[in-house]
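Structure first, then comments.
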Amino acid sequence: MIDLFVKLFIKDYKNVSDNNVREKYGILAGVMGIILNVLLFAAKLVAGLLTASIAITADAFNNLTDAGSSIISMIGFRLANKPVDRKHPFGHGRMEYLSGLLVSIIIILVGFELIKTSAEKIFNPTETVVLPIVFVILGVSVLVKLWMFFYNRKLGKRIKSAGMKATATDCISDAVATLVVLISAIVSKVWSVSIDGYVGALVALFILFAGIRSAKETINALLGEAPDPELVQRITQFVMSYDMVVGVHDFIFHNYGVGRELISLHAEVPCNEDILVIHEKIDEIEVALQKEFGVQAVIHMDPVEVNNARVAGMRAFVYNIVSEAYEGATIHDFRMVSGENRTNLIFDVVIPHGVKEKENDIINNISERVKSKNSSYFCVIKVDRPFV
């Protein structure tokens, strides 16, 4: 059914890399969310008023905020699709993340308010009347929210939307919350025990934690989280598949929203090749990366010696020392400058983030380890941290 709706309302639905198509996906999901959540709100509100149940009423207003969240998400998709301008040369793609953050904040505020209302019901309990229609409304609501979870998750994965994935998380939390309310109604009906205020508080906590989790995901995207390691590996392997490239390092991933990703990296190339030929090949790789991965690439050429056995042996020697000292560390841009009485070993070392040692201590540690093997070796080291 999800694919049927997509085919009916989105003409070019397969071209998900097109921002106009992504916007249509966002509007479709938003409209469906508004319609379904408003219907659920109306039905639950009537049930809550008839039964005087704070848990059902709280669940109803949760659905109303979901409808408002869908409106915000639609606006976010619309703004994210605005073209680039002089002040925003990378476009407005991050508006989608901002709208997702706003939705999360609304969810958190609703959660706090419902905790307050539920606490009042706990300390000042009132009798609830459970009607058969309540079971029908709550049961149907659980099924509807589960369906909304599946379609938001599916479409969110298809167009790589953080906002839709956040909405899917909210939907599954809503389904669980409504299920808890349904169980409360059953307990009240069968055993005549009122746990309405406690269940209302539990529903509020579900809502609160869903909002916090959603906010964390969108904030990570805005702060600049590390890219998918699998994507980094695929891009690295793709670049390394070209004959002239003998190594890749200093990989940086810049995310300005889906479809607006930029990467930069250093490609090691043989120093004895014609620079014009190499430059032409690098240009070719940049174009190929755009076609294959949809990313704009900037590649810096690093000339290295590939036919010097002495340099290769010394590089392996230093790499072994570095990897023994710091697990997961790597080196690059390795050069040797030999003098009459000593040999300078010049290289960059990439130290994992888990190592808390200061840069000067890292440099001294590696230098001493190298010098202990041969006192004529002097290291000139630059310490880097990985960006991916």
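As shown in the structure tokens, the chain order sets the letters A, B, ...; within each chain, residues go from 1, and ligands are also counted from 1 in the order they appear.
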
DSSP on the backbone, then: every residue of region 134-352 of chain A marked alpha helix (DSSP H), written as a VMD selection string. chain A and resid 134 to 159 162 to 191 196 to 223 229 to 240 275 to 293 309 to 325

Name the residues in contact with Ala47 (chain A) at a cut-off of 12 Å, using only C-alpha atoms, excluding same-chain residues fewer than 6 positions from it; report them as a list in words.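 Using only C-alpha atoms, the neighbours found are Leu40, Phe41, Ser53, Ile54, Ala55, Ile56, Thr57, Ala58, Asp59, Ala60, Thr128, Val129, Val130, Leu131, Pro132, Ile133, Val134, Phe135, Val136, Ile137, Leu138, Val181, Leu182 and Ala185 of chain A.
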
Selected residues written out with C-alpha atoms, as a PDB file, in the first residue's frame:
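What ended up in part.pdb:
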```pdb
ATOM      1  CA  LEU A  40      -6.854   9.767  15.875  1.00  0.00           C
ATOM      2  CA  PHE A  41      -6.882  12.912  18.027  1.00  0.00           C
ATOM      3  CA  SER A  53      -9.438   9.153  31.458  1.00  0.00           C
ATOM      4  CA  ILE A  54      -6.329  11.332  31.646  1.00  0.00           C
ATOM      5  CA  ALA A  55      -4.281   8.566  29.953  1.00  0.00           C
ATOM      6  CA  ILE A  56      -6.538   8.520  26.879  1.00  0.00           C
ATOM      7  CA  THR A  57      -6.774  12.320  26.783  1.00  0.00           C
ATOM      8  CA  ALA A  58      -2.979  12.573  27.034  1.00  0.00           C
ATOM      9  CA  ASP A  59      -2.631  10.100  24.177  1.00  0.00           C
ATOM     10  CA  ALA A  60      -5.090  12.184  22.145  1.00  0.00           C
ATOM     11  CA  THR A 128     -13.097   6.456  35.012  1.00  0.00           C
ATOM     12  CA  VAL A 129     -15.837   4.785  33.007  1.00  0.00           C
ATOM     13  CA  VAL A 130     -14.608   2.280  30.425  1.00  0.00           C
ATOM     14  CA  LEU A 131     -16.917   1.868  27.425  1.00  0.00           C
ATOM     15  CA  PRO A 132     -16.636  -0.871  24.765  1.00  0.00           C
ATOM     16  CA  ILE A 133     -16.019   1.730  22.037  1.00  0.00           C
ATOM     17  CA  VAL A 134     -12.819   2.731  23.844  1.00  0.00           C
ATOM     18  CA  PHE A 135     -11.238  -0.666  23.154  1.00  0.00           C
ATOM     19  CA  VAL A 136     -12.066  -0.333  19.457  1.00  0.00           C
ATOM     20  CA  ILE A 137     -10.636   3.199  19.206  1.00  0.00           C
ATOM     21  CA  LEU A 138      -7.414   2.299  21.020  1.00  0.00           C
ATOM     22  CA  VAL A 181      -3.327   2.817  27.622  1.00  0.00           C
ATOM     23  CA  LEU A 182      -5.335  -0.057  26.131  1.00  0.00           C
ATOM     24  CA  ALA A 185      -8.440   0.209  30.165  1.00  0.00           C
TER      25      ALA A 185
END
```

Could you give me, as a PyMOL selection string, the residues within 12 Å of Lys371 (chain A), counting only C-alpha atoms and dropping anything in the same chain fewer than 6 positions from it? chain A and resi 317-318+321+342-345+364-365+377-379

For the strand (DSSP E) assignment from backbone DSSP, which residues of region 162-321 of chain A qualify? Please present them as a PyMOL selection string. chain A and resi 247-255+261-270+296-304

What's the separation between CA of Ala312 (chain A) and CA of Arg385 (chain A), in Å to one decimal place? 23.7 Å

Which polymer residues have any atom within 8 Å of an atom of Gly111 (chain A), counting only C-alpha atoms, with same-chain residues fewer than 6 positions away left out, as a ChimeraX atom specification? /A:204-208

Could the residues in this selection be written to a file with C-alpha atoms, as a PDB file, in the first residue's frame?
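Okay, this is what ended up in out.pdb:
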```
ATOM      1  CA  ALA A 204       4.276  10.839  28.994  1.00  0.00           C
ATOM      2  CA  LEU A 205       7.666   9.229  29.669  1.00  0.00           C
ATOM      3  CA  PHE A 206       7.463   7.316  26.370  1.00  0.00           C
ATOM      4  CA  ILE A 207       6.791  10.608  24.595  1.00  0.00           C
ATOM      5  CA  LEU A 208       9.593  12.385  26.466  1.00  0.00           C
TER       6      LEU A 208
END
```

For region 69-122 of chain A against region 250-270 of chain A, with a cut-off of 10 Å and counting only C-alpha atoms, what is the closest atom pair and its distance in Å to one decimal for every residue that makes the cut, ordered by chain and number, as CSV?
```
residue,atom,partner,partner_atom,distance
A:Ala80,CA,A:Gly257,CA,8.1
A:Asn81,CA,A:Gly257,CA,10.0
A:Phe90,CA,A:Tyr256,CA,6.6
A:Gly91,CA,A:Tyr256,CA,7.5
A:His92,CA,A:Gly257,CA,7.6
A:Gly93,CA,A:Gly257,CA,4.2
A:Arg94,CA,A:Gly257,CA,5.0
A:Met95,CA,A:Gly257,CA,8.1
A:Glu96,CA,A:Gly257,CA,7.5
A:Tyr97,CA,A:Gly257,CA,7.9
```

Go ahead and dump the residues you just picked, C-alpha atoms, as a PDB file, in the first residue's frame.
```
ATOM      1  CA  ALA A  80      15.423  22.649   2.343  1.00  0.00           C
ATOM      2  CA  ASN A  81      14.697  22.595  -1.386  1.00  0.00           C
ATOM      3  CA  PHE A  90      25.804  25.143  -0.237  1.00  0.00           C
ATOM      4  CA  GLY A  91      22.020  25.438  -0.329  1.00  0.00           C
ATOM      5  CA  HIS A  92      19.472  25.135   2.478  1.00  0.00           C
ATOM      6  CA  GLY A  93      19.510  21.355   2.992  1.00  0.00           C
ATOM      7  CA  ARG A  94      20.123  21.613   6.734  1.00  0.00           C
ATOM      8  CA  MET A  95      16.682  23.204   7.173  1.00  0.00           C
ATOM      9  CA  GLU A  96      15.410  19.618   7.154  1.00  0.00           C
ATOM     10  CA  TYR A  97      17.534  18.904  10.224  1.00  0.00           C
TER      11      TYR A  97
END
```

Neighbours of Ile72 (chain A) within 12 Å (only C-alpha atoms; same-chain residues fewer than 3 positions away dropped), as number ranges by chain? A: 26-27, 29-31, 33-34, 65-69, 75-79, 95-106, 163-164, 167

Store the residues of this selection in a file with C-alpha atoms, as a short mmCIF file (atom, residue, chain, number, x, y, z; two decimals), in the first residue's frame.
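Saved file again.cif follows:
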```
data_model
loop_
_atom_site.label_atom_id
_atom_site.label_comp_id
_atom_site.auth_asym_id
_atom_site.auth_seq_id
_atom_site.Cartn_x
_atom_site.Cartn_y
_atom_site.Cartn_z
CA GLY A 26 8.13 14.87 2.30
CA ILE A 27 4.82 16.52 1.41
CA ALA A 29 4.30 11.81 4.18
CA GLY A 30 3.34 15.07 5.87
CA VAL A 31 -0.20 15.18 4.44
CA GLY A 33 0.53 12.25 8.89
CA ILE A 34 -1.73 15.27 9.36
CA THR A 65 1.18 17.42 18.38
CA ASP A 66 2.14 14.76 15.83
CA ALA A 67 -0.13 16.50 13.31
CA GLY A 68 1.61 19.78 14.09
CA SER A 69 4.97 18.05 13.71
CA ILE A 75 7.71 23.27 5.79
CA GLY A 76 11.21 21.93 6.47
CA PHE A 77 11.24 19.95 3.22
CA ARG A 78 10.01 23.01 1.34
CA LEU A 79 12.70 25.28 2.79
CA MET A 95 16.68 23.20 7.17
CA GLU A 96 15.41 19.62 7.15
CA TYR A 97 17.53 18.90 10.22
CA LEU A 98 16.34 22.12 11.91
CA SER A 99 12.70 21.21 11.32
CA GLY A 100 13.40 17.76 12.78
CA LEU A 101 14.95 19.41 15.85
CA LEU A 102 11.90 21.67 16.25
CA VAL A 103 9.60 18.63 16.08
CA SER A 104 11.72 16.95 18.77
CA ILE A 105 11.47 19.99 21.04
CA ILE A 106 7.67 20.03 20.67
CA GLY A 163 13.17 14.04 9.66
CA MET A 164 11.18 11.03 8.43
CA THR A 167 8.87 10.65 12.75
#
```

Would you kindly return, as a compact mmCIF listing (two decimals) with N, CA and C atoms, in the first residue's frame, each protein, DNA or RNA residue with an atom no farther than 9 Å from any atom of Asn152 (chain A), considering only C-alpha atoms and excluding same-chain residues fewer than 4 positions away?
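around22.txt, freshly written:
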```txt
# COMPACT_ATOMS: atom_id res chain seq x y z
N ALA A 29 4.25 12.36 2.81
CA ALA A 29 4.30 11.81 4.18
C ALA A 29 3.66 12.77 5.17
N TRP A 147 1.32 1.18 11.16
CA TRP A 147 1.41 1.39 9.70
C TRP A 147 2.17 2.68 9.40
N MET A 148 1.92 3.74 10.18
CA MET A 148 2.62 5.00 9.97
C MET A 148 4.12 4.85 10.24
N GLY A 156 11.75 7.19 4.68
CA GLY A 156 12.92 7.85 5.25
C GLY A 156 14.22 7.22 4.79
N LYS A 157 14.24 5.89 4.72
CA LYS A 157 15.43 5.19 4.22
C LYS A 157 15.61 5.44 2.72
N MET A 164 12.12 12.16 8.54
CA MET A 164 11.18 11.03 8.43
C MET A 164 11.56 9.91 9.38
N LYS A 165 12.85 9.68 9.55
CA LYS A 165 13.30 8.64 10.47
C LYS A 165 12.92 9.01 11.90
N ALA A 166 13.00 10.32 12.23
CA ALA A 166 12.59 10.78 13.56
C ALA A 166 11.09 10.57 13.75
N THR A 167 10.32 10.85 12.69
CA THR A 167 8.87 10.65 12.75
C THR A 167 8.53 9.17 12.93
N ALA A 168 9.28 8.30 12.26
CA ALA A 168 9.05 6.85 12.40
C ALA A 168 9.30 6.42 13.85
N THR A 169 10.36 6.94 14.45
CA THR A 169 10.65 6.63 15.86
C THR A 169 9.51 7.09 16.75
N CYS A 171 6.40 7.42 15.88
CA CYS A 171 5.22 6.59 15.62
C CYS A 171 5.26 5.27 16.41
```

Excluding same-chain residues fewer than 6 positions from Pro352 (chain A), what lies within 12 Å of it counting only C-alpha atoms, as an NGL selection string? :A and (322-323 or 325-331 or 362 or 383-388)

Residue subset to file, keeping C-alpha atoms, as a compact mmCIF listing (two decimals), in the first residue's frame:
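Ended up saving to again_39.txt:
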```txt
# COMPACT_ATOMS: atom_id res chain seq x y z
CA VAL A 322 53.77 3.68 15.29
CA SER A 323 51.17 0.89 15.19
CA ALA A 325 52.77 2.37 20.16
CA TYR A 326 49.19 3.36 19.23
CA GLU A 327 46.72 0.74 18.06
CA GLY A 328 44.89 1.84 14.92
CA ALA A 329 47.34 4.66 14.12
CA THR A 330 48.54 5.18 10.53
CA ILE A 331 51.16 7.28 8.76
CA ILE A 362 52.99 11.51 21.08
CA VAL A 383 49.98 14.70 14.41
CA ASP A 384 46.53 14.40 12.79
CA ARG A 385 43.19 13.09 14.06
CA PRO A 386 40.83 11.17 11.74
CA PHE A 387 37.80 12.99 10.28
CA VAL A 388 36.02 9.77 9.29
```

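You can rank A:Val203, A:Val246, A:Val144, A:Ile115 by their closest distance to Asn307 (chain A) using only C-alpha atoms, and at the top of that list sits A:Val246.
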
Students should find that CA of Ala221 (chain A) and CA of Phe150 (chain A) are spaced 22.7 Å

In Å, how far is it from CA of Pro83 (chain A) to CA of Asn20 (chain A)?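 Computed distance, CA of Pro83 (chain A) to CA of Asn20 (chain A), equals 10.6 Å.
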
Determine the nearest neighbour of Glu292 (chain A) from the options A:Val349, A:Lys11, A:Ser184, A:Ile235, counting only C-alpha atoms. A:Ile235
